Amino acid sequence: MAEANVSHNQADYLALLRRMLLIRRSEERLSALCREGKFPGAVHLYIGQEASGVGACSVIEDRDWITSTHRGHGHFLAKGGELKRMYAEIWGKREGICKGMGGSMHVADFSKGILGANGIVGGGFAIATGAAFGAKLRGDGRVAMCFFGDGAANQGTFMESMNVSSAWQLPTIFLCENNGVSEFTISSTVTGGKLVDRAKAFMPTVIVDGNDVLAVQAAVREAVERARTGGGPSYVETTTYRIQGHLEAEDAFLGGGTYRSAEEISAWQQANRDPILRFQAFLTGEGIADAADLAAVEQSVLEEVEEAVAFAEAGEDADPELAFSLMFENQEA
Amino acid sequence: MAEANVSHNQADYLALLRRMLLIRRSEERLSALCREGKFPGAVHLYIGQEASGVGACSVIEDRDWITSTHRGHGHFLAKGGELKRMYAEIWGKREGICKGMGGSMHVADFSKGILGANGIVGGGFAIATGAAFGAKLRGDGRVAMCFFGDGAANQGTFMESMNVSSAWQLPTIFLCENNGVSEFTISSTVTGGKLVDRAKAFMPTVIVDGNDVLAVQAAVREAVERARTGGGPSYVETTTYRIQGHLEAEDAFLGGGTYRSAEEISAWQQANRDPILRFQAFLTGEGIADAADLAAVEQSVLEEVEEAVAFAEAGEDADPELAFSLMFENQEA
Amino acid sequence: MPRRRYIQAINDALFEEMERNENVIVIGEDVELAIFGDTRGLYDRFGPNRIRNTPICEATMTGMALGATAAGFHVVLHMMFANFVYTGFDAIANQIAKMRLMTGGQIALPITIIAGYGGGGSNAAQHSDSAHPALMNLGGINVAMPSNSADAKGLLKTAIRSNNPSFLLEASARGGQMGDVPDGDHLVPFGKAAIAREGSDVTIVTVGSMVKPSLDAAKALSEEGIEAEVIDLRTVVPIDEAAILASLAKTGRLVVVDESRDRCGAGGYIAAIAADKGFASLKAPVKRVNIPNVAIPFAPIAEAAVLPDANKIAVAVRGIVSKVAA
Amino acid sequence: MPRRRYIQAINDALFEEMERNENVIVIGEDVELAIFGDTRGLYDRFGPNRIRNTPICEATMTGMALGATAAGFHVVLHMMFANFVYTGFDAIANQIAKMRLMTGGQIALPITIIAGYGGGGSNAAQHSDSAHPALMNLGGINVAMPSNSADAKGLLKTAIRSNNPSFLLEASARGGQMGDVPDGDHLVPFGKAAIAREGSDVTIVTVGSMVKPSLDAAKALSEEGIEAEVIDLRTVVPIDEAAILASLAKTGRLVVVDESRDRCGAGGYIAAIAADKGFASLKAPVKRVNIPNVAIPFAPIAEAAVLPDANKIAVAVRGIVSKVAA
Ligand SMILES: Cc1ncc(C[n+]2csc(CCOP(=O)(O)OP(=O)(O)O)c2C)c(N)n1
Ligand SMILES: Cc1ncc(C[n+]2csc(CCOP(=O)(O)OP(=O)(O)O)c2C)c(N)n1
Ligand SMILES: [Mg+2]
Ligand SMILES: [Mg+2]
């Protein structure tokens, strides 16, 4: 496990752990509840990739922006989005962060710089680049971080956005979460060359162990500093793994087919690879936290998850009229 | 001037010269006639870039494909398209290669592998890649060459098509004609990094003097051989210069503004840079041809151009009914 | 007649046409494992040269489909959801729809694009659109929207044998629906509507996903003494104007039901045909039951509020057929 | 009132709004030197932070317009030709048109996209399309189509002050057309049609490039004793239904004239409104004069054959107004 460049106090470390755990436990809960049909629609879970989003978001501020993906719960929570309002959204309730109009694939909180999960693969490239352009024009030092997957890296807007960001030296951070799969396709079978080489044509690049939260933090911190000080865009690739299926209830889609082995999945769940187990071992190994500290974090996370479930379930159904009144500002659709 | 890898006889050399001259003279004629309003619509001329298209097309066969651009007359003629049918097309006549339905920006001759000029910048990337995919599936050794400009290289389909071509090792040749301008924009002001580096992530690359027809020929020959023998795609960048405005009557659009200097243009017209003057000097300098040979080529070209003008002018107006009957095969629109 | 699910019927059509013509190839994201089930099993039978997973790059896939026709292939491109048609729209709108005319008819464009469309699954705005109005407006593309298993199979087979570009839009919510499929080489021609139900009081013109709720509405209305004729267009390009006008001549009343947004949607276009060529037959206003001009909201209650259903259709019909008055 | 060319009026609006609000920025390919003249001079006045040439990458520019609103900018994106709207369609259709609803109304989207549309210049199929039907069908985007200098200025100013995404579609063939423009801060509201000409025999509803030929037709018809009322919609989203219906109530006859293809075009949509809410007023079939379902051919004679003109409009009017019968 990488050591971060700057010193941390225990609280900082435990905050990282807590956010990763919050993602993990809240999504495990979603996985179970999805099977029980407790909420509508599909969910794409981030389990196994928590260190990437949490590490990256730990070094940017509220005023900075992120764009996220269809697998957006983790980014939403990592950037400080409220779990209970996210759950209420997934449940389709009017207390939802998007009043039930968006659902899992569209959780957004603009007040916290979360410009939205996105159902269009690659949809975030241009949005993040536009926000970064805005920051550059304002000269206010804000940065825009675009999360995307290895599958999305085959969308042309990846290159287009890198080009604009590079030509105009925008504070865009291209954060590629390389989990090796796009839906049920092993990405290497549809990918030419190495993703990082695409970015090298435009900007500084780095590949980090995406399951090492401190390594991600360190790499992204450097990119953020570069961006804030006018040094232009960066590409950070986090190598990670998606533990769950592409979406919950994936089996229903696969019709008996397979695209990866149970062994492979289980290898990534081992203590030496799982981002949370690794970080917990690091904390105790380094004497930063003890078992009781970890248990306390776990406990508090579980409580938050339970409260969020209760909040979502107690929520009121979304208001159908909003579909008409919210399309435009001050104008009926 | 580069020496080609293989020996040429005089006829081959003069054929190259003739094709370049045919483009030059036919477009000079278009330029003049355009100002006189002799045909409808706009034309984007290739003058100054002849060595690129002619060199590249000289090493592929009739059965191979090219996709072209809005600046497509040169590619059309270089690949063996008939001047008089191209003119008739530009004049909007039913004898036109596209029966007057397409005009300057859409000259195509599928029977000669010319999959069309294209009014959409970057429109050819995917079409060429699709044709190359077809060739790969058939295993027939055909190649697809995609001509595009430095401006088009900022379209995302460039990366997407390189990715597909690389992942599937398709016989695609990405032929970038880098003339430094996109319309009235100096391309470097909107371009991050070097174009060739984008391609390096996917395939072998080379940059050649695009005003040296033999250098282009040699570079493309290598790429073609690679493609034919299953070696996958290549990127060839020809450095060249657009002598004319983006389109004829550019001044009407510029409203007094400028984006490049008269000196710059004239520098590229000098004997040491102009692709035709250079090649003529090479031929006489090497003793391959004498002044009389060159004059004969010039004469034959001028005659062909005159005949083509006469053909186009004598043509019959396009048949408006075709708009309805040609949209579909065996189905009225 | 075997009973097949809608999605199986599409799968059957692909199998049969790929067997029949070795120039038919299938490409798309995740087609090897079949995201919707419609391409299931093709990989095992036909291998990677006939069916192939592509990278995620809709803008290039649509253009490649055109390019591959130059090598003599009939390309079946699966685009998953209709929303992703927008992602690949440039080559559809600027190349595929125009290329034949622009080249003076030099080429044929044997391209079939498949995409699921429509709401009902809480898939939210970016996975629930119906893209057919935008496609219909392009002019150079045929658009088939089967409502049942037999048509799904027959229309897809027709599309694949055609030398013209066509879309086969799958009603996303209908994939599991069972239906009889005629034995043998079942082809359904483009541009021939089906009379899904006969009736004399009002005509309901509909297509694809909306045929079922239209039939449900007709059934309910029948109990009230209103006999609706339900016309299933099957293809919206070409469109069977004669069938619409013939039914209208019989009933004098028209409700158009379609799962696309209202403004410049398919419903308005059909209503316009009636208001022009069918004017003499019209005894009442032409009503449209379709999607209001909004994005599809996520929450089921809100989504249901914007999607057409049997009840909304029946209400529209009752509004123009007053048995008391008649 | 100063007389200004249509394209100058647009230029004036940009100048005034950029002066008025420093958050207004203009981006697009070749906007610094002004491909159509509408952005001329802005660079010298406002410099590279307020107006900027972009690379050629429509798919990203449209998404960037949305992203830049997060930083508080009102983005004016110039897309040159309506055909290139297709190239950047993904972010328009999947993001801009839906983002406000999907986020539960968290954001405003002050985005104005300018594009020239329409034929008449032998620009061929890839530079002559009218993209408004596809935009109108999205639901979340306003669409203004000025027919004259005053409206061009006033509608664009309204668009730029709006917090909602809008398109300002320039009639490509009308750029040089002169017109009076009111002095001062001239704003034209969205959704308010203009009665371009009063008449009692027939209503011609039209917009943008087609207002002029409609007026020409009305003039010719007047000499035959047919008085046509010409309604210039000015915006097609929102659309002034009340104005259409009021005129129809007066005349009882309707011809819709629009420069978009027929199938799912704007004309059909307007005809459908008439066939529904205006049915009681209708004395004759509703006629549409628009573009047939074809790509725009290059040759002038063929292009003219597919574009609406005063003569075709007059023919359509005569077909439903028989003075003899009246
Ligand atoms: C434009 C578009 N095309 C296709 C899809 C369907 N789709 C959803 S997720 C996905 C794979 C994305 O892979 P990647 O970017 O690696 O993200 P991951 O799922 O691995 O997190 C695909 C193809 C989509 N949502 N949008
Ligand atoms: C999709 C699209 N966007 C914009 C344009 C307008 N346009 C035509 S040519 C051109 C510049 C192209 O530059 P480049 O690719 O370098 O080719 P060159 O003109 O230099 O040959 C532009 C922006 C277009 N035709 N298509
Ligand atoms: Mg992935
Ligand atoms: Mg160039």
# chains A, B, ... in the order shown; residues from 1 in each chain; ligands from 1
>>> closest_atom_pairs(of="chain A", to="chain D", cutoff="7 Å", atoms="only C-alpha atoms", output="tab-separated table")
residue	atom	partner	partner_atom	distance
A:Cys98	CA	D:Gly104	CA	3.9
A:Lys99	CA	D:Gly104	CA	5.1
A:Met101	CA	D:Met102	CA	5.2
A:Gly102	CA	D:Met102	CA	4.2
A:His106	CA	D:Met102	CA	6.4
A:Ala108	CA	D:Thr103	CA	6.1
A:Phe110	CA	D:Gln106	CA	6.8
A:Ala126	CA	D:Gly63	CA	4.7
A:Ile127	CA	D:Gly67	CA	4.1
A:Ala128	CA	D:Gly67	CA	5.9
A:Thr129	CA	D:Met64	CA	6.0
A:Gly130	CA	D:Met64	CA	3.7
A:Ala131	CA	D:Gly67	CA	4.4
A:Phe133	CA	D:Ala68	CA	6.5
A:Gly134	CA	D:Ala68	CA	5.0
A:Ala135	CA	D:Ala71	CA	6.4
A:Leu137	CA	D:Asn49	CA	6.2
A:Thr157	CA	D:Thr60	CA	5.9
A:Glu160	CA	D:Cys57	CA	6.3
A:Ser161	CA	D:Thr60	CA	6.4
A:Ala323	CA	D:Leu101	CA	6.7
A:Leu326	CA	D:Gly105	CA	5.3
A:Met327	CA	D:Leu101	CA	5.0
A:Phe328	CA	D:Asn164	CA	6.0
A:Glu329	CA	D:Asn164	CA	6.3
>>> write_last_selection(atoms="N, CA and C atoms", output="mmCIF file, in the first residue's frame")
data_model
loop_
_atom_site.group_PDB
_atom_site.id
_atom_site.type_symbol
_atom_site.label_atom_id
_atom_site.label_comp_id
_atom_site.auth_asym_id
_atom_site.auth_seq_id
_atom_site.Cartn_x
_atom_site.Cartn_y
_atom_site.Cartn_z
ATOM 1 N N CYS A 98 -33.016 14.017 -6.837
ATOM 2 C CA CYS A 98 -33.557 14.536 -8.098
ATOM 3 C C CYS A 98 -35.078 14.422 -8.105
ATOM 4 N N LYS A 99 -35.658 14.403 -6.932
ATOM 5 C CA LYS A 99 -37.123 14.350 -6.763
ATOM 6 C C LYS A 99 -37.762 13.117 -7.420
ATOM 7 N N MET A 101 -37.050 12.008 -10.319
ATOM 8 C CA MET A 101 -37.133 12.154 -11.782
ATOM 9 C C MET A 101 -35.989 11.461 -12.505
ATOM 10 N N GLY A 102 -34.882 11.220 -11.782
ATOM 11 C CA GLY A 102 -33.696 10.692 -12.453
ATOM 12 C C GLY A 102 -33.398 9.236 -12.150
ATOM 13 N N HIS A 106 -28.931 8.743 -12.609
ATOM 14 C CA HIS A 106 -28.860 10.193 -12.799
ATOM 15 C C HIS A 106 -28.696 10.958 -11.498
ATOM 16 N N ALA A 108 -27.440 13.299 -8.929
ATOM 17 C CA ALA A 108 -26.653 14.518 -9.135
ATOM 18 C C ALA A 108 -26.892 15.441 -7.956
ATOM 19 N N PHE A 110 -25.766 19.307 -7.798
ATOM 20 C CA PHE A 110 -24.975 20.416 -8.341
ATOM 21 C C PHE A 110 -24.418 21.308 -7.239
ATOM 22 N N ALA A 126 -17.508 15.637 -22.272
ATOM 23 C CA ALA A 126 -17.717 17.004 -22.747
ATOM 24 C C ALA A 126 -18.243 17.898 -21.631
ATOM 25 N N ILE A 127 -19.054 17.335 -20.777
ATOM 26 C CA ILE A 127 -19.613 18.154 -19.693
ATOM 27 C C ILE A 127 -18.487 18.606 -18.763
ATOM 28 N N ALA A 128 -17.633 17.690 -18.397
ATOM 29 C CA ALA A 128 -16.502 18.057 -17.528
ATOM 30 C C ALA A 128 -15.599 19.064 -18.227
ATOM 31 N N THR A 129 -15.364 18.855 -19.499
ATOM 32 C CA THR A 129 -14.498 19.776 -20.239
ATOM 33 C C THR A 129 -15.121 21.164 -20.306
ATOM 34 N N GLY A 130 -16.434 21.207 -20.484
ATOM 35 C CA GLY A 130 -17.121 22.500 -20.488
ATOM 36 C C GLY A 130 -17.016 23.196 -19.139
ATOM 37 N N ALA A 131 -17.173 22.435 -18.070
ATOM 38 C CA ALA A 131 -17.046 23.028 -16.737
ATOM 39 C C ALA A 131 -15.612 23.523 -16.520
ATOM 40 N N PHE A 133 -13.578 24.481 -18.789
ATOM 41 C CA PHE A 133 -13.454 25.686 -19.628
ATOM 42 C C PHE A 133 -14.001 26.885 -18.849
ATOM 43 N N GLY A 134 -15.147 26.683 -18.226
ATOM 44 C CA GLY A 134 -15.723 27.750 -17.413
ATOM 45 C C GLY A 134 -14.771 28.185 -16.304
ATOM 46 N N ALA A 135 -14.176 27.217 -15.634
ATOM 47 C CA ALA A 135 -13.235 27.543 -14.557
ATOM 48 C C ALA A 135 -12.043 28.315 -15.099
ATOM 49 N N LEU A 137 -11.949 30.222 -17.746
ATOM 50 C CA LEU A 137 -12.352 31.590 -18.087
ATOM 51 C C LEU A 137 -12.477 32.446 -16.830
ATOM 52 N N THR A 157 -15.601 11.092 -28.027
ATOM 53 C CA THR A 157 -15.598 12.305 -27.217
ATOM 54 C C THR A 157 -14.455 12.292 -26.198
ATOM 55 N N GLU A 160 -11.819 13.951 -28.259
ATOM 56 C CA GLU A 160 -12.231 15.342 -28.503
ATOM 57 C C GLU A 160 -12.035 16.194 -27.251
ATOM 58 N N SER A 161 -12.452 15.648 -26.132
ATOM 59 C CA SER A 161 -12.370 16.414 -24.888
ATOM 60 C C SER A 161 -10.932 16.558 -24.427
ATOM 61 N N ALA A 323 -42.850 16.255 -14.010
ATOM 62 C CA ALA A 323 -42.377 15.977 -15.371
ATOM 63 C C ALA A 323 -42.716 17.139 -16.295
ATOM 64 N N LEU A 326 -40.857 20.766 -14.501
ATOM 65 C CA LEU A 326 -39.396 20.874 -14.349
ATOM 66 C C LEU A 326 -38.614 20.833 -15.650
ATOM 67 N N MET A 327 -39.265 20.520 -16.743
ATOM 68 C CA MET A 327 -38.513 20.445 -18.004
ATOM 69 C C MET A 327 -37.800 21.761 -18.287
ATOM 70 N N PHE A 328 -38.521 22.855 -18.062
ATOM 71 C CA PHE A 328 -37.955 24.187 -18.291
ATOM 72 C C PHE A 328 -38.025 24.989 -17.001
ATOM 73 N N GLU A 329 -37.265 26.041 -16.949
ATOM 74 C CA GLU A 329 -37.421 26.997 -15.855
ATOM 75 C C GLU A 329 -38.527 27.965 -16.250
#
>>> residues_near_ligand(ligand="ligand 4", cutoff="8 Å", atoms="only C-alpha atoms and all ligand atoms", output="ChimeraX atom specification")
/B:149-152,177-183,187,242
>>> write_last_selection(atoms="C-alpha atoms", output="PDB file, in the first residue's frame")
ATOM      1  CA  GLY B 149      -7.500  16.952 -42.947  1.00  0.00           C
ATOM      2  CA  ASP B 150      -5.808  18.227 -39.844  1.00  0.00           C
ATOM      3  CA  GLY B 151      -9.110  19.822 -38.869  1.00  0.00           C
ATOM      4  CA  ALA B 152     -10.959  16.536 -39.197  1.00  0.00           C
ATOM      5  CA  GLU B 177      -3.388  15.810 -45.243  1.00  0.00           C
ATOM      6  CA  ASN B 178      -2.014  18.340 -42.860  1.00  0.00           C
ATOM      7  CA  ASN B 179      -2.287  21.728 -44.525  1.00  0.00           C
ATOM      8  CA  GLY B 180      -2.322  23.609 -41.228  1.00  0.00           C
ATOM      9  CA  VAL B 181      -5.736  25.163 -41.657  1.00  0.00           C
ATOM     10  CA  SER B 182      -9.346  24.271 -40.984  1.00  0.00           C
ATOM     11  CA  GLU B 183     -11.470  26.788 -42.804  1.00  0.00           C
ATOM     12  CA  SER B 187      -5.319  24.420 -36.814  1.00  0.00           C
ATOM     13  CA  ARG B 242      -3.758  24.799 -49.276  1.00  0.00           C
TER      14      ARG B 242
END
>>> interface_residues(of="chain B", to="chain A", cutoff="10 Å", atoms="only C-alpha atoms", output="JSON, numbers by chain")
{"B": [153, 154, 155, 156, 157, 158, 159, 160, 161, 162, 163, 164, 165, 166, 167, 168, 169, 188, 189, 190, 191, 192, 193, 194, 195, 196, 197, 198, 199, 200, 201, 202, 203]}
>>> select_by_dssp(residues="segment 98-233 of chain C", states="strand (DSSP E)", output="ChimeraX atom specification")
/C:111-117,142-144,166-171,178-180,194-197,202-206,228-232
>>> select_by_dssp(residues="segment 84-254 of chain D", states="helix (DSSP H, G or I)", output="count of residues only")
69
>>> atom_distance(atom1="atom CA of Asp12 of chain D", atom2="atom CA of Ala152 of chain D")
9.7 Å
>>> residues_around(residues="segment 171-182 of chain C", least_positions_apart="3", cutoff="10 Å", atoms="only C-alpha atoms", output="JSON, numbers by chain")
{"C": [1, 2, 3, 4, 5, 6, 7, 8, 9, 10, 36, 37, 38, 80, 81, 82, 115, 116, 117, 118, 119, 120, 121, 127, 128, 130, 145, 146, 147, 148, 149, 150, 151, 152, 153, 154, 168, 185, 186, 187, 207, 208, 209, 210, 212, 259]}
>>> write_last_selection(atoms="C-alpha atoms", output="PDB file, in the first residue's frame")
ATOM      1  CA  MET C   1     -47.906 -22.398 -35.450  1.00  0.00           C
ATOM      2  CA  PRO C   2     -45.190 -22.290 -32.844  1.00  0.00           C
ATOM      3  CA  ARG C   3     -45.577 -19.797 -30.042  1.00  0.00           C
ATOM      4  CA  ARG C   4     -42.535 -17.610 -29.607  1.00  0.00           C
ATOM      5  CA  ARG C   5     -41.631 -14.679 -27.464  1.00  0.00           C
ATOM      6  CA  TYR C   6     -41.220 -11.403 -29.326  1.00  0.00           C
ATOM      7  CA  ILE C   7     -37.489 -11.401 -28.662  1.00  0.00           C
ATOM      8  CA  GLN C   8     -37.149 -15.039 -29.707  1.00  0.00           C
ATOM      9  CA  ALA C   9     -38.887 -14.282 -32.959  1.00  0.00           C
ATOM     10  CA  ILE C  10     -36.259 -11.661 -33.668  1.00  0.00           C
ATOM     11  CA  PHE C  36     -31.713  -8.368 -24.812  1.00  0.00           C
ATOM     12  CA  GLY C  37     -31.622 -11.996 -25.884  1.00  0.00           C
ATOM     13  CA  ASP C  38     -32.217 -11.246 -29.537  1.00  0.00           C
ATOM     14  CA  MET C  80     -29.211  -1.550 -27.903  1.00  0.00           C
ATOM     15  CA  PHE C  81     -31.382   1.406 -26.835  1.00  0.00           C
ATOM     16  CA  ALA C  82     -32.959   3.990 -29.109  1.00  0.00           C
ATOM     17  CA  ALA C 115     -32.736  -0.837 -31.265  1.00  0.00           C
ATOM     18  CA  GLY C 116     -35.074  -1.230 -28.340  1.00  0.00           C
ATOM     19  CA  TYR C 117     -37.317   1.716 -27.629  1.00  0.00           C
ATOM     20  CA  GLY C 118     -39.884   2.965 -25.207  1.00  0.00           C
ATOM     21  CA  GLY C 119     -40.600   3.189 -21.541  1.00  0.00           C
ATOM     22  CA  GLY C 120     -42.261   1.219 -18.852  1.00  0.00           C
ATOM     23  CA  GLY C 121     -39.229  -0.165 -17.062  1.00  0.00           C
ATOM     24  CA  HIS C 127     -32.914   4.685 -21.767  1.00  0.00           C
ATOM     25  CA  SER C 128     -36.598   5.141 -22.585  1.00  0.00           C
ATOM     26  CA  SER C 130     -38.536   6.512 -28.878  1.00  0.00           C
ATOM     27  CA  MET C 145     -42.020  -1.295 -35.500  1.00  0.00           C
ATOM     28  CA  PRO C 146     -43.437  -4.753 -34.942  1.00  0.00           C
ATOM     29  CA  SER C 147     -46.102  -5.214 -32.312  1.00  0.00           C
ATOM     30  CA  ASN C 148     -46.012  -8.980 -32.030  1.00  0.00           C
ATOM     31  CA  SER C 149     -43.822 -12.019 -32.509  1.00  0.00           C
ATOM     32  CA  ALA C 150     -44.933 -12.887 -36.017  1.00  0.00           C
ATOM     33  CA  ASP C 151     -44.386  -9.378 -37.310  1.00  0.00           C
ATOM     34  CA  ALA C 152     -41.112  -9.048 -35.449  1.00  0.00           C
ATOM     35  CA  LYS C 153     -39.818 -12.044 -37.310  1.00  0.00           C
ATOM     36  CA  GLY C 154     -41.369 -11.250 -40.642  1.00  0.00           C
ATOM     37  CA  LEU C 168     -36.204  -2.506 -36.714  1.00  0.00           C
ATOM     38  CA  ASP C 185     -40.099 -18.604 -44.283  1.00  0.00           C
ATOM     39  CA  HIS C 186     -42.361 -15.979 -42.786  1.00  0.00           C
ATOM     40  CA  LEU C 187     -41.964 -12.566 -44.385  1.00  0.00           C
ATOM     41  CA  VAL C 207     -47.924   0.787 -34.061  1.00  0.00           C
ATOM     42  CA  GLY C 208     -45.398  -1.241 -32.097  1.00  0.00           C
ATOM     43  CA  SER C 209     -45.636  -1.081 -28.343  1.00  0.00           C
ATOM     44  CA  MET C 210     -48.973   0.692 -28.461  1.00  0.00           C
ATOM     45  CA  LYS C 212     -51.512  -3.971 -27.162  1.00  0.00           C
ATOM     46  CA  GLU C 259     -45.201   5.963 -28.065  1.00  0.00           C
TER      47      GLU C 259
END
